[in-house]
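S.K.: I'd like to ask you about the structure that follows.
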Amino acid sequence: VQLQASGGGWVQAGGSLRLSCVASKSISDFPAMGWYRQAPGGQREWVATRARAGASNVADSVKGRFTISTDNAQNTVSLQMTALQPEDTATYYCTAMARTTNYYGQGTQVTVSS
């Protein structure tokens, strides 16, 4: 599967961004879709997951600020980010979560200035 993310950019603290990711095949083929992020010099960390059945989970660090959604008709997974903080600065990767491995896209950069 190929994953193409978009929507990143520069924003001031308190602002919002919406990331989108288009998959080259049906996202219904995967048990879940999600987002990870990696800050400069840091490790990749999980941000959010949306299961094929509809349940969503987000990391504690973004709870109440980030919302994940999927559109099966468009084969997209999105991440609505609000109340962004400088610590949210990272490259964001969408992922298709198969049973034994995750597939990642190329990433989209989000920079939040204070």
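Letters A, B, ... go to the chains of the structure tokens in the order shown; residues in each chain start at 1; ligands are counted from 1 in the same order.
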Need the shell around range 105-112 of chain A: protein/DNA/RNA residues with any atom at most 9 Å away, counting only C-alpha atoms. Skip same-chain ones fewer than 3 positions apart. Format as a count of residues only?

M.R.: 32

S.K.: What is the distance, in Å and to one decimal place, between CA of Asn72 in chain A and CA of Ala39 in chain A?

M.R.: 29.2 Å
